[in-house]
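The file final_13.cif contains mmCIF, C-alpha atoms:
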```cif
data_start
#
loop_
_atom_site.group_PDB
_atom_site.id
_atom_site.type_symbol
_atom_site.label_atom_id
_atom_site.label_comp_id
_atom_site.auth_asym_id
_atom_site.auth_seq_id
_atom_site.Cartn_x
_atom_site.Cartn_y
_atom_site.Cartn_z
ATOM 1 C CA GLN E 1 121.410 175.764 84.712
ATOM 2 C CA GLN E 2 121.798 173.302 81.898
ATOM 3 C CA GLN E 3 118.379 171.951 81.054
ATOM 4 C CA VAL E 4 119.705 169.519 78.460
ATOM 5 C CA LYS E 5 122.799 167.518 79.397
ATOM 6 C CA GLN E 6 124.720 165.774 76.637
ATOM 7 C CA SER E 7 127.411 163.110 76.811
ATOM 8 C CA PRO E 8 130.057 162.269 75.911
ATOM 9 C CA GLN E 9 131.896 165.489 75.060
ATOM 10 C CA SER E 10 133.951 163.649 72.458
ATOM 11 C CA LEU E 11 133.728 160.267 70.817
ATOM 12 C CA ILE E 12 136.102 158.326 68.612
ATOM 13 C CA VAL E 13 134.860 155.319 66.656
ATOM 14 C CA GLN E 14 136.204 153.187 63.888
ATOM 15 C CA LYS E 15 134.639 153.154 60.448
ATOM 16 C CA GLY E 16 131.697 150.778 60.444
ATOM 17 C CA GLY E 17 131.151 151.055 64.177
ATOM 18 C CA ILE E 18 128.164 152.383 66.087
ATOM 19 C CA SER E 19 128.250 155.898 67.528
ATOM 20 C CA ILE E 20 125.976 156.607 70.474
ATOM 21 C CA ILE E 21 125.365 160.046 71.963
ATOM 22 C CA ASN E 22 123.103 160.541 74.957
ATOM 23 C CA CYS E 23 121.040 163.434 76.229
ATOM 24 C CA ALA E 24 118.969 163.963 79.348
ATOM 25 C CA TYR E 25 116.481 166.754 79.973
ATOM 26 C CA GLU E 26 114.618 168.168 82.921
ATOM 27 C CA ASN E 27 111.750 170.223 81.526
ATOM 28 C CA THR E 28 108.683 168.041 80.989
ATOM 29 C CA ALA E 29 107.171 170.796 78.814
ATOM 30 C CA PHE E 30 109.619 169.981 75.995
ATOM 31 C CA ASP E 31 107.697 168.588 73.041
ATOM 32 C CA TYR E 32 110.217 168.378 70.212
ATOM 33 C CA PHE E 33 113.682 166.840 70.305
ATOM 34 C CA PRO E 34 115.951 167.468 67.306
ATOM 35 C CA TRP E 35 119.531 166.512 66.679
ATOM 36 C CA TYR E 36 121.722 168.925 64.773
ATOM 37 C CA GLN E 37 124.930 168.162 62.907
ATOM 38 C CA GLN E 38 127.597 170.808 62.535
ATOM 39 C CA PHE E 39 130.657 170.661 60.299
ATOM 40 C CA PRO E 40 133.619 173.009 60.893
ATOM 41 C CA GLY E 41 132.910 176.489 59.611
ATOM 42 C CA LYS E 42 129.229 175.791 59.063
ATOM 43 C CA GLY E 43 126.031 176.400 60.926
ATOM 44 C CA PRO E 44 124.168 173.517 62.577
ATOM 45 C CA ALA E 45 121.815 171.622 60.282
ATOM 46 C CA LEU E 46 118.888 169.465 61.307
ATOM 47 C CA LEU E 47 119.744 165.777 61.151
ATOM 48 C CA ILE E 48 116.725 164.022 62.657
ATOM 49 C CA ALA E 49 114.026 164.883 65.173
ATOM 50 C CA ILE E 50 111.420 163.158 67.305
ATOM 51 C CA ARG E 51 108.302 164.080 69.247
ATOM 52 C CA PRO E 52 107.581 162.427 72.616
ATOM 53 C CA ASP E 53 104.643 160.353 71.395
ATOM 54 C CA VAL E 54 106.998 157.820 69.778
ATOM 55 C CA SER E 55 109.893 155.867 71.273
ATOM 56 C CA GLU E 56 112.069 155.560 68.198
ATOM 57 C CA LYS E 57 112.614 157.204 64.838
ATOM 58 C CA LYS E 58 114.934 155.949 62.148
ATOM 59 C CA GLU E 59 116.210 157.726 59.060
ATOM 60 C CA GLY E 60 118.804 155.763 57.148
ATOM 61 C CA ARG E 61 121.772 155.097 59.424
ATOM 62 C CA PHE E 62 120.540 157.539 62.079
ATOM 63 C CA THR E 63 118.142 156.537 64.853
ATOM 64 C CA ILE E 64 116.753 158.476 67.787
ATOM 65 C CA SER E 65 115.696 156.456 70.825
ATOM 66 C CA PHE E 66 113.410 158.286 73.239
ATOM 67 C CA ASN E 67 112.570 157.318 76.821
ATOM 68 C CA LYS E 68 109.919 159.698 78.123
ATOM 69 C CA SER E 69 109.764 158.278 81.652
ATOM 70 C CA ALA E 70 113.519 158.581 82.097
ATOM 71 C CA LYS E 71 113.608 161.932 80.289
ATOM 72 C CA GLN E 72 116.418 160.732 78.071
ATOM 73 C CA PHE E 73 117.009 160.449 74.361
ATOM 74 C CA SER E 74 119.912 159.264 72.303
ATOM 75 C CA LEU E 75 121.301 159.319 68.787
ATOM 76 C CA HIS E 76 122.634 156.128 67.265
ATOM 77 C CA ILE E 77 124.712 156.262 64.097
ATOM 78 C CA MET E 78 125.029 152.835 62.542
ATOM 79 C CA ASP E 79 127.891 151.930 60.216
ATOM 80 C CA SER E 80 129.681 155.179 61.091
ATOM 81 C CA GLN E 81 131.638 156.760 58.227
ATOM 82 C CA PRO E 82 134.508 159.274 58.194
ATOM 83 C CA GLY E 83 132.085 161.733 56.604
ATOM 84 C CA ASP E 84 130.015 161.590 59.802
ATOM 85 C CA SER E 85 132.872 163.290 61.684
ATOM 86 C CA ALA E 86 131.268 166.458 63.018
ATOM 87 C CA THR E 87 129.898 168.039 66.151
ATOM 88 C CA TYR E 88 126.456 166.802 67.160
ATOM 89 C CA PHE E 89 124.031 168.734 69.308
ATOM 90 C CA CYS E 90 120.878 167.454 70.878
ATOM 91 C CA ALA E 91 118.207 170.011 71.566
ATOM 92 C CA ALA E 92 114.736 170.345 72.989
ATOM 93 C CA LYS E 93 111.950 172.804 72.310
ATOM 94 C CA ASP E 94 109.377 174.039 74.765
ATOM 95 C CA ALA E 95 105.727 173.700 73.828
ATOM 96 C CA GLY E 96 105.165 177.435 74.237
ATOM 97 C CA GLY E 97 104.657 180.059 76.839
ATOM 98 C CA THR E 98 107.576 182.309 77.638
ATOM 99 C CA SER E 99 109.999 180.038 75.800
ATOM 100 C CA TYR E 100 108.226 180.313 72.447
ATOM 101 C CA GLY E 101 110.259 178.623 69.760
ATOM 102 C CA LYS E 102 113.430 178.427 71.798
ATOM 103 C CA LEU E 103 115.726 175.506 71.256
ATOM 104 C CA THR E 104 117.654 174.500 74.376
ATOM 105 C CA PHE E 105 120.854 172.813 73.275
ATOM 106 C CA GLY E 106 123.094 170.248 74.861
ATOM 107 C CA GLN E 107 126.806 170.954 75.164
ATOM 108 C CA GLY E 108 127.733 169.142 71.962
ATOM 109 C CA THR E 109 129.682 165.985 71.103
ATOM 110 C CA ILE E 110 132.662 165.996 68.792
ATOM 111 C CA LEU E 111 132.530 162.765 66.813
ATOM 112 C CA THR E 112 135.599 161.475 65.011
ATOM 113 C CA VAL E 113 135.294 158.418 62.792
ATOM 114 C CA HIS E 114 138.617 156.857 61.898
ATOM 115 C CA PRO E 115 138.911 155.160 58.509
ATOM 116 C CA GLU F 1 118.324 178.869 47.123
ATOM 117 C CA ALA F 2 116.612 178.964 50.517
ATOM 118 C CA GLN F 3 119.097 180.259 53.029
ATOM 119 C CA VAL F 4 119.990 182.355 56.025
ATOM 120 C CA THR F 5 122.860 184.760 55.435
ATOM 121 C CA GLN F 6 124.984 186.587 57.989
ATOM 122 C CA ASN F 7 127.510 189.362 57.620
ATOM 123 C CA PRO F 8 130.276 189.734 58.392
ATOM 124 C CA ARG F 9 131.555 186.202 58.773
ATOM 125 C CA TYR F 10 134.552 187.293 60.787
ATOM 126 C CA LEU F 11 134.999 190.422 62.869
ATOM 127 C CA ILE F 12 137.743 191.633 65.182
ATOM 128 C CA THR F 13 136.951 194.770 67.128
ATOM 129 C CA VAL F 14 137.904 196.645 70.266
ATOM 130 C CA THR F 15 136.042 197.052 73.510
ATOM 131 C CA GLY F 16 133.312 199.672 73.344
ATOM 132 C CA LYS F 17 133.083 200.074 69.581
ATOM 133 C CA LYS F 18 129.491 199.587 68.482
ATOM 134 C CA LEU F 19 128.904 196.904 65.885
ATOM 135 C CA THR F 20 126.042 195.272 63.997
ATOM 136 C CA VAL F 21 125.853 191.752 62.647
ATOM 137 C CA THR F 22 123.261 191.425 59.926
ATOM 138 C CA CYS F 23 121.013 188.425 59.342
ATOM 139 C CA SER F 24 118.679 187.887 56.422
ATOM 140 C CA GLN F 25 116.470 184.979 55.360
ATOM 141 C CA ASN F 26 114.693 184.453 52.033
ATOM 142 C CA MET F 27 112.172 181.818 53.162
ATOM 143 C CA ASN F 28 109.437 184.153 54.397
ATOM 144 C CA HIS F 29 109.869 182.747 57.905
ATOM 145 C CA GLU F 30 108.050 184.398 60.779
ATOM 146 C CA TYR F 31 110.416 183.268 63.528
ATOM 147 C CA MET F 32 114.032 184.377 63.780
ATOM 148 C CA SER F 33 116.549 183.953 66.560
ATOM 149 C CA TRP F 34 120.133 184.663 67.550
ATOM 150 C CA TYR F 35 122.338 182.164 69.345
ATOM 151 C CA ARG F 36 125.889 182.258 70.586
ATOM 152 C CA GLN F 37 128.054 179.162 70.625
ATOM 153 C CA ASP F 38 130.776 178.723 73.214
ATOM 154 C CA PRO F 39 132.920 175.617 73.881
ATOM 155 C CA GLY F 40 131.348 173.316 76.427
ATOM 156 C CA LEU F 41 128.126 175.332 76.548
ATOM 157 C CA GLY F 42 126.475 174.443 73.279
ATOM 158 C CA LEU F 43 124.316 177.135 71.706
ATOM 159 C CA ARG F 44 122.437 179.598 73.869
ATOM 160 C CA GLN F 45 119.638 181.843 72.684
ATOM 161 C CA ILE F 46 120.247 185.587 72.882
ATOM 162 C CA TYR F 47 117.043 187.079 71.432
ATOM 163 C CA TYR F 48 114.214 185.917 69.272
ATOM 164 C CA SER F 49 111.466 187.432 67.161
ATOM 165 C CA MET F 50 108.057 185.909 66.511
ATOM 166 C CA ASN F 51 107.279 188.363 63.716
ATOM 167 C CA VAL F 52 107.858 191.919 62.554
ATOM 168 C CA GLU F 53 108.150 194.342 65.468
ATOM 169 C CA VAL F 54 107.857 191.482 68.011
ATOM 170 C CA THR F 55 111.044 190.557 69.837
ATOM 171 C CA ASP F 56 111.869 189.038 73.213
ATOM 172 C CA LYS F 57 114.833 188.030 75.328
ATOM 173 C CA GLY F 58 116.380 184.600 75.301
ATOM 174 C CA ASP F 59 118.694 183.145 77.913
ATOM 175 C CA VAL F 60 121.665 185.505 77.524
ATOM 176 C CA PRO F 61 120.405 188.918 76.317
ATOM 177 C CA GLU F 62 122.699 191.175 78.371
ATOM 178 C CA GLY F 63 124.800 193.461 76.184
ATOM 179 C CA TYR F 64 122.814 192.816 73.011
ATOM 180 C CA LYS F 65 119.994 194.521 71.150
ATOM 181 C CA VAL F 66 117.901 193.433 68.199
ATOM 182 C CA SER F 67 115.266 194.873 65.919
ATOM 183 C CA ARG F 68 112.819 193.380 63.420
ATOM 184 C CA LYS F 69 111.572 196.068 61.084
ATOM 185 C CA GLU F 70 111.250 193.771 58.093
ATOM 186 C CA LYS F 71 110.296 190.133 58.018
ATOM 187 C CA ARG F 72 113.497 189.007 56.316
ATOM 188 C CA ASN F 73 116.037 190.891 58.448
ATOM 189 C CA PHE F 74 117.009 190.493 62.086
ATOM 190 C CA PRO F 75 120.208 192.399 62.948
ATOM 191 C CA LEU F 76 122.124 191.846 66.178
ATOM 192 C CA ILE F 77 123.554 194.990 67.737
ATOM 193 C CA LEU F 78 126.336 195.204 70.299
ATOM 194 C CA GLU F 79 126.263 198.779 71.567
ATOM 195 C CA SER F 80 129.441 198.496 73.668
ATOM 196 C CA PRO F 81 131.145 195.160 73.047
ATOM 197 C CA SER F 82 133.221 193.578 75.794
ATOM 198 C CA PRO F 83 135.740 190.711 75.660
ATOM 199 C CA ASN F 84 133.199 188.283 77.193
ATOM 200 C CA GLN F 85 131.145 188.698 74.024
ATOM 201 C CA THR F 86 133.885 187.037 72.009
ATOM 202 C CA SER F 87 132.024 184.085 70.551
ATOM 203 C CA LEU F 88 130.587 182.402 67.473
ATOM 204 C CA TYR F 89 127.159 183.798 66.634
ATOM 205 C CA PHE F 90 124.411 182.119 64.664
ATOM 206 C CA CYS F 91 121.209 183.482 63.277
ATOM 207 C CA ALA F 92 118.380 181.015 62.701
ATOM 208 C CA SER F 93 114.885 181.109 61.269
ATOM 209 C CA SER F 94 111.862 178.860 61.109
ATOM 210 C CA LEU F 95 108.426 179.101 59.578
ATOM 211 C CA THR F 96 106.867 179.671 62.971
ATOM 212 C CA GLY F 97 107.976 179.344 66.577
ATOM 213 C CA THR F 98 105.864 176.239 67.018
ATOM 214 C CA GLY F 99 107.159 174.689 63.838
ATOM 215 C CA GLY F 100 109.913 172.159 63.577
ATOM 216 C CA GLU F 101 113.149 172.827 61.796
ATOM 217 C CA GLN F 102 115.188 175.916 62.441
ATOM 218 C CA TYR F 103 117.567 176.879 59.648
ATOM 219 C CA PHE F 104 120.906 178.287 60.723
ATOM 220 C CA GLY F 105 123.152 180.795 59.041
ATOM 221 C CA PRO F 106 126.880 180.151 58.501
ATOM 222 C CA GLY F 107 127.950 181.938 61.659
ATOM 223 C CA THR F 108 129.884 185.077 62.582
ATOM 224 C CA ARG F 109 133.125 184.710 64.486
ATOM 225 C CA LEU F 110 133.481 187.781 66.718
ATOM 226 C CA THR F 111 136.600 188.678 68.667
ATOM 227 C CA VAL F 112 136.545 191.634 71.063
ATOM 228 C CA THR F 113 139.937 192.776 72.337
#
```
How does this structure look as structure tokens?
Amino acid sequence: QQQVKQSPQSLIVQKGGISIINCAYENTAFDYFPWYQQFPGKGPALLIAIRPDVSEKKEGRFTISFNKSAKQFSLHIMDSQPGDSATYFCAAKDAGGTSYGKLTFGQGTILTVHP
Amino acid sequence: EAQVTQNPRYLITVTGKKLTVTCSQNMNHEYMSWYRQDPGLGLRQIYYSMNVEVTDKGDVPEGYKVSRKEKRNFPLILESPSPNQTSLYFCASSLTGTGGEQYFGPGTRLTVT
């Protein structure tokens, strides 16, 4: 049972283009939605995160859009660069209870930015 | 430097031979967790620990054991590894379980033949 569904599995964009990765969740108890970036041979690293009381968060070229009613959130990478080529994971964290601290991850998106 | 370290980074072993993957963090974090990463499945939590001597199962705990005798260390034990445990394993830590960012180690690539 995949509680966080991520699409697309892979994405190819040209340098300067916009990369968009989408995630949908089912558990309304999720209260924290981070995006992680992973380069080959490395562990995931936090890129940007949002809580459900806001609809958008922007940090530099990276923006999270959050739609609580639709239970969807997305990552937008503006002016995509070859250095952004990596695997991106969306995730969601439960507010507590038996899932204390657990991050539920999406399946991942392999982003390739062509120069 | 604040970090999560794992050892070994790569391991090839045979079915049934007990192994331990170590994890250590130097950030005085209370919360530590193990994940496995498999293609098309993302990362799935194996076990987590809220503090010393407090551990609990994640989504895929079968075939794994953990212990938390010291705050900084959280080893993952495979008592009798099987080929379906071939995977990429990550240890992570955060200040608390209700906190935000989890910091991940560099990963351990395990192959069980």
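Contacts from chain E to chain F at a cut-off of 8 Å (all atoms listed in the file) map to Gln9, Tyr32, Gly41, Lys42, Gly43, Pro44, Ala45, Leu46, Phe89, Ala95, Gly96, Ser99, Tyr100, Gly101, Lys102, Leu103, Thr104, Phe105, Gly106, Gln107 and Gly108 of chain E.
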Going by the chain IDs and residue numbers used in this file, which residues fall under the PyMOL selection byres ((chain F and resi 74) around 8)? Write them as a ChimeraX atom specification. /F:22-24,32-33,66-73,75-76
Write out as a PyMOL selection string each polymer residue whose atoms come within 10 Å of Thr109 (chain E), counting only C-alpha atoms; drop sequence neighbours fewer than 3 positions from it. (chain E and resi 6-11+21-22+37+86-90+106+112) or (chain F and resi 40+42)
Can you tell me how far CA of Met78 (chain E) sits from CA of Phe33 (chain E), in Å to one decimal?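 Between these atoms lies a distance of 19.6 Å.
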Near Met27 (chain F), counting all atoms listed in the file, which residues have an atom at most 8 Å away, once you skip same-chain residues fewer than 6 positions from it, shown as a PyMOL selection string? chain F and resi 2-3+72+95
One decimal, Å: what's the distance from CA of Lys15 (chain E) over to CA of Gln81 (chain E), could you say? 5.2 Å
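Here CA of Lys93 (chain E) stands at a distance of 18.6 Å from CA of Gln38 (chain E).
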